[in-house]
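Worksheet: the structure to be examined is printed underneath.
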Amino acid sequence: MNGMYPKNGRVILHVDMNSFYASVEMAYDPSLKGKPLAIAGNVEERRGIIVTCSYEARKFGVKTTMPIWQAKKLCPQLIIRKPNFDRYRKASLAIFDLLRTYTDCIEPVSIDEGYLDISGCAHLGSPLEIAKSIQARIYETMDLPCSIGIAPNKFLAKTASDMKKPLGITILRKRDVPNLLWSLGVGDMHGIGAKTAEKLEKIGILTIGDLAAANDVQLRNVLGINGIRLKERANGIDKRPVDPESIFDYKSVGNSTTLPHDSSNQKELIDTLKQLSEKVAVRLKNKGLLGQKIGVTIRYKDRTTITRSRIAENPFSSVTEIHDLANSLFLKNWNGEAIRLLGVTAFDVVERESAFKQLDLFSFHDDAAKEPLIKAVDHLKVKYGPEIIQKGVKAETASGADTSFSKDFFDNYSLKDSRLQD
């Protein structure tokens, strides 16, 4: 089996859910299966826009971003549902938890797609066998279809997963690139949008093959360093690792970590939450964002996973705010058992400039006075490290603290069943 895994290379999977929102709705309500279905905002208004649609709807020419009135004209029998983002988020969490039963080296890139580095998974079978297992388990346990690309790097894996939909599995090797990709238009290449394609076409680069053979200096002049990266990918080269720390959703900013050992030591776990909170705070600051809802993920040693969240009273971004919120949520939901993984996430993030704090008559003067101090402390932490300034040590939480937690989220999972540990 090891012969199917390169000694000096990687094996990357890209898992891409097919027509995700529509598929979730069909799994939730089987009566929708086989019918043209669209998910759209402002369902009651003709100017509403199609967010996504089923493959049955696509046969009539219905497309994403199409106005509802136009979609209805093409397909009078089109069924339209409002988006249910809580339902989609729950399904996404279940999918990624299933993927983590294969490897912890996972990079979610959106709510419905992600990369897996399975280079060290020879004991689980060949790359194709692993892909078939993932596809079958997601379909059998959640009734959701996906396509999977298998390749030596992220770019080729993503390209491969797009080749066969729905329920496709495609292997794409570097040596296949000239025959399979170079004849395609440059705008068909993953990572190249309409504006970039237009710039390339103006200098005579019309196909992916043209890009693969393009002049470096010319590419730099037109696209900067990104031009060189695109040329490398056109040649099947992509050195980016699968990054489990990567942020995948602009609507959330989070970090998680697998502990060095399963732990039930409360101080150790709270310290870990503090470290995660610092990482989330830095990422929020770098992106100029504020969170409005805090979430914690707890995975126990038996791989049972719960995710809990609550809306904060005010938008937040500082380490102290994030840690206090996460710590409170954690202590309320931890059952005292040994933990394998912890995560902290800021949800419903908004641009700092567009956010406002719900300041009451008695507190706004205090908040305004603290702002210069908060900025000064943040500056020192960025320059000298997060430990440069700390508050006084607090007493540990009393042993009688509330540690009750509600049923595991899989018990309430409404799509099909939660047999993710088969």
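Residue names in the structure tokens use chain letters A, B, ... in the order shown, residue numbers from 1 in each chain, and ligand numbers from 1 in the order shown.
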
Per residue of stretch 176-279 of chain A within 10 Å of stretch 148-159 of chain A, note the shortest atom pair and the distance in Å to one decimal, counting only C-alpha atoms, and order the rows by chain and increasing residue number, as a Markdown table.
```
| residue | atom | partner | partner_atom | distance |
| --- | --- | --- | --- | --- |
| A:Asp176 | CA | A:Leu156 | CA | 10.0 |
| A:Val177 | CA | A:Leu156 | CA | 8.7 |
| A:Leu181 | CA | A:Thr159 | CA | 9.4 |
| A:Asp188 | CA | A:Thr159 | CA | 9.9 |
| A:Met189 | CA | A:Thr159 | CA | 7.9 |
| A:His190 | CA | A:Thr159 | CA | 6.6 |
| A:Gly191 | CA | A:Phe155 | CA | 8.7 |
| A:Arg233 | CA | A:Phe155 | CA | 6.7 |
| A:Ala234 | CA | A:Phe155 | CA | 9.2 |
| A:Gly236 | CA | A:Leu156 | CA | 6.7 |
| A:Ile237 | CA | A:Asn153 | CA | 7.5 |
| A:Asp238 | CA | A:Asn153 | CA | 5.8 |
| A:Lys239 | CA | A:Asn153 | CA | 7.1 |
| A:Arg240 | CA | A:Lys154 | CA | 7.1 |
| A:Pro241 | CA | A:Lys154 | CA | 7.7 |
| A:Val242 | CA | A:Lys154 | CA | 7.5 |
```

Would you output that residue set with C-alpha atoms, as a PDB file, in the first residue's frame?
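And here's result-v4.pdb as it stands now:
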```pdb
ATOM      1  CA  ASP A 176      -1.766  14.794 -16.885  1.00  0.00           C
ATOM      2  CA  VAL A 177      -1.744  18.599 -16.928  1.00  0.00           C
ATOM      3  CA  LEU A 181      -5.676  21.391 -18.938  1.00  0.00           C
ATOM      4  CA  ASP A 188     -11.447  28.169 -16.943  1.00  0.00           C
ATOM      5  CA  MET A 189      -8.516  27.766 -14.564  1.00  0.00           C
ATOM      6  CA  HIS A 190      -9.254  27.687 -10.839  1.00  0.00           C
ATOM      7  CA  GLY A 191      -8.005  30.905  -9.236  1.00  0.00           C
ATOM      8  CA  ARG A 233      -0.149  26.198 -11.139  1.00  0.00           C
ATOM      9  CA  ALA A 234      -0.674  26.101 -14.889  1.00  0.00           C
ATOM     10  CA  GLY A 236       0.824  21.653 -12.107  1.00  0.00           C
ATOM     11  CA  ILE A 237       2.997  23.135  -9.336  1.00  0.00           C
ATOM     12  CA  ASP A 238       1.484  24.229  -6.015  1.00  0.00           C
ATOM     13  CA  LYS A 239       3.625  24.201  -2.862  1.00  0.00           C
ATOM     14  CA  ARG A 240       0.933  25.339  -0.435  1.00  0.00           C
ATOM     15  CA  PRO A 241       0.472  22.888   2.448  1.00  0.00           C
ATOM     16  CA  VAL A 242      -2.898  21.866   3.798  1.00  0.00           C
TER      17      VAL A 242
END
```

Would you mind listing what lies within 12 Å of A:Ser317 as a PDB file with C-alpha atoms, in the first residue's frame, with only C-alpha atoms counted and same-chain residues fewer than 4 positions away left out?
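Listed below is the output, result.pdb:
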```pdb
ATOM      1  CA  VAL A 253     -12.852  33.521  12.457  1.00  0.00           C
ATOM      2  CA  SER A 277      -8.459  33.335  22.001  1.00  0.00           C
ATOM      3  CA  GLU A 278      -5.201  35.217  21.348  1.00  0.00           C
ATOM      4  CA  LYS A 279      -4.959  33.734  17.861  1.00  0.00           C
ATOM      5  CA  VAL A 280      -8.578  34.608  17.082  1.00  0.00           C
ATOM      6  CA  ALA A 281      -8.041  38.153  18.394  1.00  0.00           C
ATOM      7  CA  VAL A 282      -4.985  38.673  16.166  1.00  0.00           C
ATOM      8  CA  ARG A 283      -6.850  37.438  13.085  1.00  0.00           C
ATOM      9  CA  LEU A 284      -9.837  39.653  13.834  1.00  0.00           C
ATOM     10  CA  LYS A 285      -7.501  42.634  14.222  1.00  0.00           C
ATOM     11  CA  ASN A 286      -5.612  41.869  11.001  1.00  0.00           C
ATOM     12  CA  LYS A 287      -8.867  41.664   9.056  1.00  0.00           C
ATOM     13  CA  GLY A 288     -10.445  44.687  10.754  1.00  0.00           C
ATOM     14  CA  LEU A 289     -13.358  42.617  12.037  1.00  0.00           C
ATOM     15  CA  LEU A 290     -15.508  42.290  15.140  1.00  0.00           C
ATOM     16  CA  GLY A 291     -17.297  39.138  16.272  1.00  0.00           C
ATOM     17  CA  GLN A 292     -20.890  39.110  17.455  1.00  0.00           C
ATOM     18  CA  LYS A 293     -21.296  35.482  18.526  1.00  0.00           C
ATOM     19  CA  ILE A 294     -18.765  33.265  20.314  1.00  0.00           C
ATOM     20  CA  ALA A 312     -22.476  38.385  22.878  1.00  0.00           C
ATOM     21  CA  GLU A 321     -13.368  39.633  25.691  1.00  0.00           C
ATOM     22  CA  ILE A 322     -12.943  36.504  23.570  1.00  0.00           C
ATOM     23  CA  HIS A 323     -11.389  34.477  26.394  1.00  0.00           C
ATOM     24  CA  ASP A 324     -14.000  35.506  28.953  1.00  0.00           C
ATOM     25  CA  LEU A 325     -16.837  34.597  26.590  1.00  0.00           C
ATOM     26  CA  THR A 345     -14.634  30.744  16.949  1.00  0.00           C
ATOM     27  CA  ALA A 346     -15.985  34.260  16.504  1.00  0.00           C
ATOM     28  CA  PHE A 347     -19.151  34.061  14.405  1.00  0.00           C
ATOM     29  CA  VAL A 349     -18.181  38.863  12.073  1.00  0.00           C
ATOM     30  CA  VAL A 350     -18.646  42.380  10.738  1.00  0.00           C
ATOM     31  CA  GLU A 351     -16.358  45.112   9.501  1.00  0.00           C
ATOM     32  CA  ARG A 352     -15.117  47.186  12.419  1.00  0.00           C
ATOM     33  CA  ALA A 355     -20.184  47.803  13.811  1.00  0.00           C
ATOM     34  CA  LYS A 357     -21.554  48.953  20.448  1.00  0.00           C
ATOM     35  CA  ILE A 374      -6.756  48.795  24.765  1.00  0.00           C
ATOM     36  CA  LYS A 375      -5.019  50.029  21.604  1.00  0.00           C
ATOM     37  CA  ASP A 378      -2.676  45.481  21.612  1.00  0.00           C
TER      38      ASP A 378
END
```

Residue among A:Leu37, A:Val11, A:Leu219, A:Ala197 lying closest to A:Val62, counting only C-alpha atoms: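 Checking each candidate against A:Val62, we get A:Leu37 as the closest.
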
Which residues of stretch 293-336 of chain A have any atom within 10 Å of an atom in stretch 86-108 of chain A when counting only C-alpha atoms, and what is the closest pair of atoms for each, with the distance in Å to one decimal? Order the rows by chain and rising number and write it as JSON lines.
```
{"residue": "A:Arg299", "atom": "CA", "partner": "A:Asp97", "partner_atom": "CA", "distance": 9.6}
{"residue": "A:Arg303", "atom": "CA", "partner": "A:Thr101", "partner_atom": "CA", "distance": 8.3}
{"residue": "A:Thr304", "atom": "CA", "partner": "A:Asp97", "partner_atom": "CA", "distance": 9.3}
{"residue": "A:Thr305", "atom": "CA", "partner": "A:Asp97", "partner_atom": "CA", "distance": 7.8}
{"residue": "A:Ile306", "atom": "CA", "partner": "A:Leu93", "partner_atom": "CA", "distance": 9.6}
{"residue": "A:Thr307", "atom": "CA", "partner": "A:Leu93", "partner_atom": "CA", "distance": 8.6}
```

Could the residues in this selection be written to a file with N, CA and C atoms, as a compact mmCIF listing (two decimals), in the first residue's frame?
```
# COMPACT_ATOMS: atom_id res chain seq x y z
N ARG A 299 -13.98 18.36 21.63
CA ARG A 299 -13.96 16.97 21.17
C ARG A 299 -13.33 16.12 22.27
N ARG A 303 -13.86 10.90 20.60
CA ARG A 303 -14.16 11.63 19.35
C ARG A 303 -15.58 12.22 19.32
N THR A 304 -16.34 12.05 20.38
CA THR A 304 -17.62 12.74 20.47
C THR A 304 -17.35 14.24 20.46
N THR A 305 -18.05 14.97 19.63
CA THR A 305 -17.79 16.41 19.45
C THR A 305 -19.05 17.21 19.69
N ILE A 306 -18.91 18.30 20.46
CA ILE A 306 -20.02 19.24 20.62
C ILE A 306 -19.54 20.63 20.24
N THR A 307 -20.43 21.42 19.69
CA THR A 307 -20.16 22.81 19.35
C THR A 307 -21.27 23.65 19.96
```

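Interatomic distance, atom CA of A:Leu341 against atom CA of A:Lys274: 14.0 Å.
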
Run DSSP on the backbone of this structure and report the residues of stretch 275-359 of chain A it assigns to strand (DSSP E), as a ChimeraX atom specification. /A:289-300,305-316,339-347,350-351

Since we have the selection now, will you write its residues out, keeping N, CA and C atoms, as a compact mmCIF listing (two decimals), in the first residue's frame?
```txt
# COMPACT_ATOMS: atom_id res chain seq x y z
N LEU A 289 -12.03 43.17 11.79
CA LEU A 289 -13.36 42.62 12.04
C LEU A 289 -13.70 42.59 13.52
N LEU A 290 -14.99 42.50 13.79
CA LEU A 290 -15.51 42.29 15.14
C LEU A 290 -16.43 41.08 15.11
N GLY A 291 -16.38 40.26 16.16
CA GLY A 291 -17.30 39.14 16.27
C GLY A 291 -18.54 39.54 17.03
N GLN A 292 -19.64 38.83 16.74
CA GLN A 292 -20.89 39.11 17.45
C GLN A 292 -21.43 37.88 18.19
N LYS A 293 -20.88 36.71 17.85
CA LYS A 293 -21.30 35.48 18.53
C LYS A 293 -20.05 34.64 18.77
N ILE A 294 -19.93 34.07 19.97
CA ILE A 294 -18.76 33.26 20.31
C ILE A 294 -19.15 31.79 20.29
N GLY A 295 -18.23 30.95 19.85
CA GLY A 295 -18.48 29.52 19.82
C GLY A 295 -17.29 28.74 20.34
N VAL A 296 -17.53 27.62 20.97
CA VAL A 296 -16.46 26.72 21.39
C VAL A 296 -16.75 25.32 20.87
N THR A 297 -15.70 24.62 20.48
CA THR A 297 -15.81 23.23 20.05
C THR A 297 -15.05 22.37 21.03
N ILE A 298 -15.68 21.31 21.48
CA ILE A 298 -15.07 20.37 22.43
C ILE A 298 -15.13 18.97 21.83
N ARG A 299 -13.98 18.36 21.63
CA ARG A 299 -13.96 16.97 21.17
C ARG A 299 -13.33 16.12 22.27
N TYR A 300 -14.10 15.12 22.73
CA TYR A 300 -13.63 14.26 23.81
C TYR A 300 -12.73 13.15 23.28
N THR A 305 -18.05 14.97 19.63
CA THR A 305 -17.79 16.41 19.45
C THR A 305 -19.05 17.21 19.69
N ILE A 306 -18.91 18.30 20.46
CA ILE A 306 -20.02 19.24 20.62
C ILE A 306 -19.54 20.63 20.24
N THR A 307 -20.43 21.42 19.69
CA THR A 307 -20.16 22.81 19.35
C THR A 307 -21.27 23.65 19.96
N ARG A 308 -20.90 24.62 20.77
CA ARG A 308 -21.87 25.47 21.43
C ARG A 308 -21.53 26.93 21.16
N SER A 309 -22.54 27.77 21.08
CA SER A 309 -22.30 29.18 20.80
C SER A 309 -23.37 30.03 21.47
N ARG A 310 -23.07 31.32 21.63
CA ARG A 310 -24.07 32.25 22.13
C ARG A 310 -23.74 33.65 21.63
N ILE A 311 -24.76 34.46 21.47
CA ILE A 311 -24.58 35.83 21.01
C ILE A 311 -24.05 36.69 22.15
N ALA A 312 -23.05 37.50 21.87
CA ALA A 312 -22.48 38.38 22.88
C ALA A 312 -23.32 39.65 22.99
N GLU A 313 -23.24 40.28 24.15
CA GLU A 313 -24.00 41.51 24.37
C GLU A 313 -23.54 42.61 23.43
N ASN A 314 -22.22 42.65 23.17
CA ASN A 314 -21.64 43.68 22.31
C ASN A 314 -20.64 43.04 21.36
N PRO A 315 -20.39 43.64 20.20
CA PRO A 315 -19.33 43.15 19.30
C PRO A 315 -17.99 43.13 20.04
N PHE A 316 -17.15 42.13 19.72
CA PHE A 316 -15.91 41.95 20.47
C PHE A 316 -14.74 41.69 19.53
N ILE A 339 -10.45 15.68 27.29
CA ILE A 339 -10.67 16.36 26.01
C ILE A 339 -9.48 16.16 25.09
N ARG A 340 -9.78 15.92 23.80
CA ARG A 340 -8.73 15.75 22.79
C ARG A 340 -8.49 17.03 22.00
N LEU A 341 -9.56 17.78 21.70
CA LEU A 341 -9.44 18.98 20.86
C LEU A 341 -10.32 20.09 21.41
N LEU A 342 -9.80 21.33 21.32
CA LEU A 342 -10.58 22.52 21.69
C LEU A 342 -10.55 23.52 20.54
N GLY A 343 -11.63 24.25 20.38
CA GLY A 343 -11.68 25.30 19.36
C GLY A 343 -12.44 26.50 19.86
N VAL A 344 -12.04 27.67 19.38
CA VAL A 344 -12.72 28.93 19.70
C VAL A 344 -13.02 29.63 18.38
N THR A 345 -14.24 30.10 18.20
CA THR A 345 -14.63 30.74 16.95
C THR A 345 -15.48 31.99 17.22
N ALA A 346 -15.15 33.06 16.50
CA ALA A 346 -15.98 34.26 16.50
C ALA A 346 -16.88 34.19 15.27
N PHE A 347 -18.19 34.16 15.49
CA PHE A 347 -19.15 34.06 14.40
C PHE A 347 -19.79 35.42 14.09
N VAL A 350 -18.29 41.20 11.52
CA VAL A 350 -18.65 42.38 10.74
C VAL A 350 -17.43 43.29 10.64
N GLU A 351 -17.42 44.12 9.63
CA GLU A 351 -16.36 45.11 9.50
C GLU A 351 -16.38 46.04 10.71
```

Distance criterion (only C-alpha atoms): nearest to A:Ala122 out of A:Lys267, A:Arg10, A:Lys164, A:Lys202: A:Arg10

Polymer residues at most 12 Å from A:Gly227, only C-alpha atoms, same-chain spacing of 4 or more positions, as number ranges by chain: A: 191-192, 196-197, 199-200, 205, 211-212, 214-223, 231-234

Just checking: using only C-alpha atoms, which residue out of A:Phe60, A:Tyr55, A:Trp182, A:Tyr115 ends up closest to A:Leu13?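 For A:Leu13, the nearest of the candidates is A:Tyr115.
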
Among stretch 138-222 of chain A, which residues carry a DSSP assignment of helix (DSSP H, G or I), reported as a PyMOL selection string? chain A and resi 138-142+154-161+174-180+186-188+194-202+208-212+216-222

Nearest to A:Gly204: which of A:Gly34, A:Ile12, A:Arg58, A:Gly185 is it, counting only C-alpha atoms? A:Gly185
